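*Asks:* Before I ask anything, let me first share the structure, which is written out below as structure tokens.
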Amino acid sequence: MNVDLIFQVAGVGIVVAVINQLLARAGRDEQALLVTIAGLVAVLFMLTEQISDLFDSIKQIFGL
Amino acid sequence: MNEALKIAAYAISGGILTVFLSSCKKEYAFLSAAITCVLIMSEAVCILEDIVSQMYELSRRANIRLDYITLILRAVGIAYITEFACELLKDAGAGAIAKKAELAGKIIILNMALPIIGELMEVCINAIKGI
């Protein structure tokens with residue numbers, strides 16, 4: 001649980017944006033789309049892990 | 001004090017990054033907002049643990065039945081969870097789904113509270129019969 005996670009997401013976003021631009025300029029639009037989707041899925045994995053942690057602790061605290 | 005500073009740091013850095021990302025990549029702006037929300041909530045939930053145990057202690061001292069306190073705390077927990085999902089969805093621009101999640105949370109809480117309401121009715125009926 002730390003602030004690194006936010007910077008990780010932002011970093012992935014910036015890197016993907018740059019790669020996306022490069023690929024789009026090179027005329028490889030499908031690959032640019034695939035890179036975007038791959039980055040999105042990677043970040044989504046991190047996010048779901050954190051959300052499940054949060055919900056687990058809420059469930060444990062409130063005895064749901 | 002320490003927690004407040006921590007949460008402020010999370011919120012500011014997350015907010016700045018979200019605003020920055022929303023100009024170049026919209027999807028990542030949403031994800032970074034979601035991660036920030038989760039981190040802030042996790043910090044807050046750690047404090048909530050103390051509050052809940054203290055509420056149990058108070059209710060034990062006041063001889064309130066444990067069912068009632070458990071019910072209230074469960075309702076609060078469900079409200080927190082649905083509110084969290086609702087706000088994230090609203091941020092992502094899916095207002096209709098957000099409203100449905102909120103409604104479902106209300107229905108679940110009502111379903112949980114209904115037996116207690118029935119008990120209250122029974123008490124009222126008994127009191128009237130006593131007169």
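By convention here, the chains of the structure tokens are called A, B, ... in the order presented, each chain's residues are numbered starting at 1, and ligands are numbered starting at 1 in the order presented.
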Within 12 Å of Met41 of chain B, counting only C-alpha atoms, which residues show up once you throw out same-chain ones fewer than 2 positions away? Write them as a PyMOL selection string, please.
*Replies:* (chain A and resi 1+50-51+53-55+57-58) or (chain B and resi 3+6-7+10-11+34-39+43-48+80-81+83-85)
*Asks:* Convert the current residue selection to file output with C-alpha atoms, as a PDB file, in the first residue's frame.
*Replies:*
ATOM      1  CA  MET A   1       0.000   0.000   0.000  1.00  0.00           C
ATOM      2  CA  GLN A  50      -5.881  -3.391  -4.805  1.00  0.00           C
ATOM      3  CA  ILE A  51      -9.674  -3.253  -5.016  1.00  0.00           C
ATOM      4  CA  ASP A  53      -7.647  -6.004  -0.888  1.00  0.00           C
ATOM      5  CA  LEU A  54      -9.777  -3.002   0.014  1.00  0.00           C
ATOM      6  CA  PHE A  55     -13.052  -4.922  -0.183  1.00  0.00           C
ATOM      7  CA  SER A  57     -10.604  -5.414   4.634  1.00  0.00           C
ATOM      8  CA  ILE A  58     -14.016  -3.711   4.580  1.00  0.00           C
TER       9      ILE A  58
ATOM     10  CA  GLU B   3      -2.487  10.088   8.198  1.00  0.00           C
ATOM     11  CA  LYS B   6      -0.358  10.975   3.811  1.00  0.00           C
ATOM     12  CA  ILE B   7      -3.857  11.193   2.369  1.00  0.00           C
ATOM     13  CA  TYR B  10      -1.902  10.702  -2.237  1.00  0.00           C
ATOM     14  CA  ALA B  11      -4.756  12.938  -3.326  1.00  0.00           C
ATOM     15  CA  ALA B  34      -9.311   4.660  -9.502  1.00  0.00           C
ATOM     16  CA  ILE B  35      -5.957   3.647  -8.013  1.00  0.00           C
ATOM     17  CA  THR B  36      -5.805   6.913  -6.070  1.00  0.00           C
ATOM     18  CA  CYS B  37      -9.317   6.309  -4.732  1.00  0.00           C
ATOM     19  CA  VAL B  38      -8.407   2.784  -3.657  1.00  0.00           C
ATOM     20  CA  LEU B  39      -5.237   3.909  -1.882  1.00  0.00           C
ATOM     21  CA  GLU B  43      -5.728   4.363   4.462  1.00  0.00           C
ATOM     22  CA  ALA B  44      -9.107   5.431   5.801  1.00  0.00           C
ATOM     23  CA  VAL B  45     -10.257   1.858   6.360  1.00  0.00           C
ATOM     24  CA  CYS B  46      -7.240   1.193   8.593  1.00  0.00           C
ATOM     25  CA  ILE B  47      -8.519   3.936  10.915  1.00  0.00           C
ATOM     26  CA  LEU B  48     -12.074   2.639  10.617  1.00  0.00           C
ATOM     27  CA  TYR B  80     -19.260   2.294   1.669  1.00  0.00           C
ATOM     28  CA  ILE B  81     -18.722  -0.443  -0.920  1.00  0.00           C
ATOM     29  CA  GLU B  83     -20.703   4.274  -2.849  1.00  0.00           C
ATOM     30  CA  PHE B  84     -17.135   3.485  -3.879  1.00  0.00           C
ATOM     31  CA  ALA B  85     -18.245   1.585  -6.982  1.00  0.00           C
TER      32      ALA B  85
END
*Asks:* Select, as a list in words, those residues of chain B with any atom no more than 6 Å from chain A (distances computed using only C-alpha atoms).
*Replies:*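 Selected residues: Tyr28, Ser32, Ser42, Glu49, Leu73, Arg74 and Gly77 of chain B.
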*Asks:* Figure out the distance between atom CA of Arg61 of chain B and atom CA of Pro115 of chain B, please, to one decimal in Å.
*Replies:*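 Calculated distance between atom CA of Pro115 of chain B and atom CA of Arg61 of chain B is 24.5 Å.
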*Asks:* Would you compute the distance between atom CA of Ile64 of chain B and atom CA of Gly105 of chain B? Give it in Å to one decimal.
*Replies:*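 Those two atoms sit 26.1 Å apart.
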